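Take a look at the structure set out below.
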Amino acid sequence: MTRRSCAIYGVGIVCAHLLIIGIGLVVAQVFQTLIHNRLKKEITLTEGSRVFETWKNPPPPVFMQFFFFNISNPDEFLDGSKPVVSQVGPYTYREYRPKENVSFVENGTKVSAYQPKTFVFLPDRSVGDPDMDMITTINIPAVAVMNKVKDSFWRSSMLSILMNSMKVGIIMTHSVNELLWGFKDPLLSHIHLTNPDIDEYFGLMYKKNGSNDGEFVFHTGEADYMDYGRIATFRGESKLSLWKSEQSNMINGTDGSTFHPLLSKNERLYIFSPDLCRSIFMEFEKDVEVKGLPAYRFTPPRDVLASKDENPDNEGFCVSPKECLGTGLLKVSMCRKGAPVVASFPHFYLGDKKYSNAIEGLNPVREHHQTYLDLNPTTGVPVRASKRAQVNIIINRIPVVIDDVSAAKLHKLLLMVTLVSNFPLIIVGLGAVLLLVFIGLIIRERKEKVPLTCASEKTSYSPVCNKESDEKNCDTYVGMTPIIEKS
């Protein structure tokens with residue numbers, strides 16, 4: 001055998017061994033297991049890990065865009081016509097959300113942190129000047145106050161008088177900046193005089209620039225990679241106390257900025273949202289690619305905000321039968337100081353058609369109004385995300401019909417008014433009755449003074465005349481003169 005032949009056989013043997021070893025490694029998934037185990041150790045919220053510094057100071061820019069619905073026919077709307085709105089926006093802000101006061105707790109198995117949010121306006125990404133652009137919309141402070149007193153006839157009546165005197169209605173016009181970051185409301189200022197707990201200022205983002213939602217405590221994921229970034233407690237509590245079922249009050253998932261590695265298309269991802277006062281879930285929709293990186297797109301399905309009839313699990317979010325709304329809506333007044341605030345997706349996307357049909361100018365489109373997360377399945381890192389939400393206010397026609405308790409009080413008041421108004425007549429009547437009693441008593445007394453005899457009496461008739469000569473001209477007087485017979 002020549003040297004050349006030996007070389008050929010040697011290469012063949014080596015190739016065969018490599019092929020066998022390669023197939024064995026593929027079948028056994030040795031390297032994949034090694035890589036996955038390495039990822040599980042590296043992707044943890046611990047000092048020195050690859051993701052810890054990025055978790056504390058997220059490098060990707062986050063943009064917050066605000067859109068407003070401007071009411072085009074306020075007068076016709078107040079007269080009962082269908083509201084016509086036009087969308088104005090975006091007004092874009094760069095959002096900074098570094099974590100502060102980061103500290104490890106419970107022997108390093110968990111990490112606590114605060115996450116203040118700061119917003120900086122970006123003119124080049126916006127449609128106009130937020131200080132100059134005016135928006136005509138629902139007077140949220142007025143509607144909130146009206147909602148507070150709607151169950152009391154007296155308080156509703158007094159509020160109506162107050163609002164009329166101040167010329168405050170349910171429609172207001174303010175600049176974008178005022179609507180977002182706050183303005184001094186005249187009605188709230190008046191109420192503040194007697195109730196200092198009521199803030200004079202109102203704004204959709206009032207006091208939220210530079211503030212935080214409270215303390216979060218997260219699992220580090222060191223013991224179990226599936227717990228990476230999962231919320232353990234929020235504001236010191238492991239569950240909420242706002243809703244009427246245990247399941248609805250559960251704090252599930254992460255804060256939406258981190259997810260465990262090695263994602264599966266079949267799993268359901270949970271996110272806790274302080275803005276919604278609840279946890280929501282997202283499901284796999286499709287494979288996408290972002291700047292050459294493979295990603296899974298997860299989106300919230302219709303079931304998340306479905307009515308209790310479509311999704312019985314959502315019945316726990318109905319604090320009362322009146323607050324159980326249709327599909328696509330979630331009333332969050334219990335964590336908005338009682339204001340009739342309702343959350344939904346923009347243009348009532350994934351909601352009942354009756355809501356979008358009730359307002360002219362709404363057109364729900366998935367590409368523009370869907371919330372989604374594009375996550376790299378290996379690392380769980382978000383490579384693209386879009387959170388879209390809409391704030392709504394419930395407006396009801398409040399019938400001014402007195403309630404039973406107020407009606408009873410009013411009856412008593414009217415009785416008192418009637419008595420006071422007729423008091424002179426009552427006095428006259430009482431005086432007349434007493435006069436009759438007095439006359440009766442006088443007559444009775446006189447009767448009692450007339451002497452009575454038991455002897456028989458005779459009556460004589462005597463002429464009423466002084467002279468016997470005038471007897472013919474005299475009248476006859478019937479004198480009741482007793483004649484006493486002598487024995």
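We label chains A, B, ... in the order they appear in the structure tokens, count residues from 1 in each chain, and number ligands from 1 in the order shown.
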
(Q) For the structure I just gave you, how does DSSP split segment 344-375 of chain A - specifically, which residues are alpha helix (DSSP H)? Reply as a ChimeraX atom specification. (A) /A:353-357,366-369

Q: Give me the residues within 10 Å of segment 104-114 of chain A as a PyMOL selection string, counting only C-alpha atoms and dropping any in the same chain fewer than 3 places off.
A: chain A and resi 45-47+56+97-101+117+211-223+228-235

Quick one: write out the picked residues with N, CA and C atoms as a tab-separated table (two decimals), in the first residue's frame?
```
chain	number	residue	atom	x	y	z
A	45	LEU	N	-29.74	38.48	37.95
A	45	LEU	CA	-29.60	39.82	38.55
A	45	LEU	C	-28.67	39.73	39.75
A	46	THR	N	-27.41	39.52	39.45
A	46	THR	CA	-26.38	39.42	40.48
A	46	THR	C	-25.19	40.28	40.08
A	47	GLU	N	-24.44	40.69	41.08
A	47	GLU	CA	-23.25	41.50	40.84
A	47	GLU	C	-22.26	40.74	39.97
A	56	LYS	N	-29.80	47.75	35.38
A	56	LYS	CA	-29.88	48.96	36.21
A	56	LYS	C	-29.98	50.22	35.38
A	97	ARG	N	-35.31	55.79	32.47
A	97	ARG	CA	-35.81	54.99	33.60
A	97	ARG	C	-34.70	54.19	34.28
A	98	PRO	N	-33.66	54.84	34.79
A	98	PRO	CA	-32.64	54.09	35.53
A	98	PRO	C	-33.17	53.63	36.88
A	99	LYS	N	-32.68	52.52	37.35
A	99	LYS	CA	-33.10	52.00	38.65
A	99	LYS	C	-32.23	52.60	39.75
A	100	GLU	N	-32.88	52.93	40.86
A	100	GLU	CA	-32.19	53.57	41.98
A	100	GLU	C	-32.40	52.77	43.26
A	101	ASN	N	-31.53	53.04	44.23
A	101	ASN	CA	-31.60	52.36	45.53
A	101	ASN	C	-31.62	50.84	45.37
A	117	LYS	N	-39.03	57.72	36.57
A	117	LYS	CA	-39.13	57.97	35.13
A	117	LYS	C	-39.05	59.47	34.87
A	211	SER	N	-40.89	60.92	39.07
A	211	SER	CA	-41.41	60.12	40.18
A	211	SER	C	-41.31	58.64	39.85
A	212	ASN	N	-41.62	57.81	40.84
A	212	ASN	CA	-41.60	56.36	40.63
A	212	ASN	C	-42.90	55.76	41.13
A	213	ASP	N	-43.14	54.51	40.75
A	213	ASP	CA	-44.38	53.83	41.12
A	213	ASP	C	-44.31	53.20	42.50
A	214	GLY	N	-43.12	53.10	43.06
A	214	GLY	CA	-42.94	52.45	44.35
A	214	GLY	C	-41.84	51.42	44.29
A	215	GLU	N	-41.60	50.76	45.40
A	215	GLU	CA	-40.52	49.78	45.47
A	215	GLU	C	-40.94	48.45	44.84
A	216	PHE	N	-40.07	47.95	43.99
A	216	PHE	CA	-40.21	46.61	43.42
A	216	PHE	C	-39.14	45.71	44.03
A	217	VAL	N	-39.50	44.47	44.30
A	217	VAL	CA	-38.52	43.45	44.70
A	217	VAL	C	-38.59	42.34	43.67
A	218	PHE	N	-37.44	42.03	43.05
A	218	PHE	CA	-37.39	41.07	41.95
A	218	PHE	C	-36.62	39.82	42.38
A	219	HIS	N	-37.00	38.70	41.78
A	219	HIS	CA	-36.19	37.49	41.91
A	219	HIS	C	-34.97	37.63	41.01
A	220	THR	N	-33.83	37.17	41.51
A	220	THR	CA	-32.59	37.30	40.73
A	220	THR	C	-32.51	36.27	39.62
A	221	GLY	N	-33.18	35.15	39.77
A	221	GLY	CA	-33.08	34.08	38.78
A	221	GLY	C	-31.90	33.17	38.99
A	222	GLU	N	-31.15	33.38	40.06
A	222	GLU	CA	-29.97	32.56	40.31
A	222	GLU	C	-30.37	31.14	40.70
A	223	ALA	N	-31.45	30.99	41.47
A	223	ALA	CA	-31.88	29.66	41.87
A	223	ALA	C	-32.66	28.97	40.76
A	228	TYR	N	-36.10	34.70	36.61
A	228	TYR	CA	-35.29	35.88	36.31
A	228	TYR	C	-36.17	37.11	36.06
A	229	GLY	N	-36.00	38.12	36.89
A	229	GLY	CA	-36.75	39.37	36.73
A	229	GLY	C	-38.19	39.32	37.20
A	230	ARG	N	-38.62	38.18	37.72
A	230	ARG	CA	-40.02	38.08	38.16
A	230	ARG	C	-40.23	38.89	39.43
A	231	ILE	N	-41.35	39.60	39.50
A	231	ILE	CA	-41.64	40.47	40.64
A	231	ILE	C	-42.05	39.62	41.83
A	232	ALA	N	-41.38	39.85	42.96
A	232	ALA	CA	-41.74	39.16	44.20
A	232	ALA	C	-42.76	39.98	44.99
A	233	THR	N	-42.48	41.29	45.14
A	233	THR	CA	-43.42	42.18	45.83
A	233	THR	C	-43.43	43.54	45.16
A	234	PHE	N	-44.55	44.23	45.31
A	234	PHE	CA	-44.70	45.60	44.82
A	234	PHE	C	-45.26	46.44	45.96
A	235	ARG	N	-44.51	47.49	46.31
A	235	ARG	CA	-44.86	48.34	47.45
A	235	ARG	C	-45.04	47.52	48.73
```

Q. Could you pull out all residues of segment 197-280 of chain A with a DSSP call of strand (DSSP E or B) and give them as number ranges by chain?
A. A: 201-202, 211, 216-219, 231-234, 237, 239, 250, 254, 268-273, 278-280

Can those selected residues be exported to a file as an mmCIF file, in the first residue's frame so that it contains C-alpha atoms?
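Done, and the output landed in again-v8.cif:
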```
data_model
loop_
_atom_site.group_PDB
_atom_site.id
_atom_site.type_symbol
_atom_site.label_atom_id
_atom_site.label_comp_id
_atom_site.auth_asym_id
_atom_site.auth_seq_id
_atom_site.Cartn_x
_atom_site.Cartn_y
_atom_site.Cartn_z
ATOM 1 C CA TYR A 201 -54.139 70.675 39.997
ATOM 2 C CA PHE A 202 -54.980 68.076 37.383
ATOM 3 C CA SER A 211 -41.410 60.122 40.179
ATOM 4 C CA PHE A 216 -40.209 46.608 43.424
ATOM 5 C CA VAL A 217 -38.523 43.455 44.700
ATOM 6 C CA PHE A 218 -37.389 41.074 41.955
ATOM 7 C CA HIS A 219 -36.189 37.487 41.912
ATOM 8 C CA ILE A 231 -41.643 40.468 40.645
ATOM 9 C CA ALA A 232 -41.738 39.163 44.205
ATOM 10 C CA THR A 233 -43.422 42.176 45.834
ATOM 11 C CA PHE A 234 -44.702 45.599 44.818
ATOM 12 C CA GLU A 237 -47.098 43.451 49.035
ATOM 13 C CA LYS A 239 -50.561 40.668 45.888
ATOM 14 C CA MET A 250 -52.116 38.278 41.832
ATOM 15 C CA THR A 254 -41.994 40.852 35.285
ATOM 16 C CA ARG A 268 -47.655 32.630 28.225
ATOM 17 C CA LEU A 269 -45.666 35.678 29.383
ATOM 18 C CA TYR A 270 -47.027 37.747 32.261
ATOM 19 C CA ILE A 271 -46.394 41.442 32.867
ATOM 20 C CA PHE A 272 -47.483 43.480 35.872
ATOM 21 C CA SER A 273 -48.549 47.024 34.983
ATOM 22 C CA ARG A 278 -53.178 44.425 37.350
ATOM 23 C CA SER A 279 -51.151 41.767 35.564
ATOM 24 C CA ILE A 280 -51.737 40.980 31.909
#
```

**Q.** Within 12 Å of Ile393 of chain A using only C-alpha atoms, minus same-chain residues under 4 positions, as a list of chain:residue names
**A.**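 Selected residues are A:Thr137, A:Ile138, A:Asn139, A:Ile140, A:Pro141, A:Ala142, A:Val143, A:Ala144, A:Asn147, A:Ile170, A:Leu204, A:Leu329, A:Leu330, A:Lys331, A:Val332, A:Ser333, A:Arg336, A:Gly338, A:Ala339, A:Pro340, A:Val341, A:Val342, A:Ala343, A:Ser344.
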
Q | All residues 9 Å or closer to Cys318 of chain A, only C-alpha atoms, same chain fewer than 2 positions away omitted, as a ChimeraX atom specification | A | /A:243-244,308,314-316,320-325,330-331

Q | Selected residue of minimal separation from Phe52 of chain A among A:Ser175, A:Asn249, A:Thr258, A:Thr92, counting only C-alpha atoms | A |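 Smallest distance to Phe52 of chain A is found for A:Thr258.
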
Q. Counting only C-alpha atoms, which of A:Leu39, A:Val437, A:Met134, A:Ala389 gets nearest to Met64 of chain A?
A.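 Nearest to Met64 of chain A: A:Ala389.
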
Q.
Neighbouring residues of Ser386 of chain A were defined as those with any atom within 8 Å, considering only C-alpha atoms; residues of the same chain fewer than 5 positions away were excluded. Please report them as a list in words.
A.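 Those residues are Gln370, Thr371, Tyr372 and Leu373 of chain A.
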
(Q) With distances taken over only C-alpha atoms, which residue among A:Pro377, A:Pro364, A:Pro61, A:Gly326 lies nearest Val120 of chain A? (A) A:Pro61

Q) Separation of atom CA of Asp129 of chain A and atom CA of Asn392 of chain A, in Å? A)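 Atom-to-atom, atom CA of Asp129 of chain A to atom CA of Asn392 of chain A, that is 23.7 Å.
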
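Across the structure, atom CA of Phe69 of chain A and atom CA of Asn209 of chain A are spaced 22.5 Å apart.
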
Q.
Using Å and a single decimal, report how far atom CA of Lys207 of chain A sits from atom CA of Gly182 of chain A.
A. 8.1 Å

Q) Leaving out Asn376 of chain A and any residue of its chain fewer than 2 positions from it, which residues lie within 12 Å of it when counting only C-alpha atoms, given as a PyMOL selection string? A) chain A and resi 258-265+287-298+373-374+378-385

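Restricting the calculation to only C-alpha atoms, the smallest distance between Ile359 of chain A and any of A:Phe121, A:Phe67, A:Phe77, A:Phe345 is found for A:Phe77.
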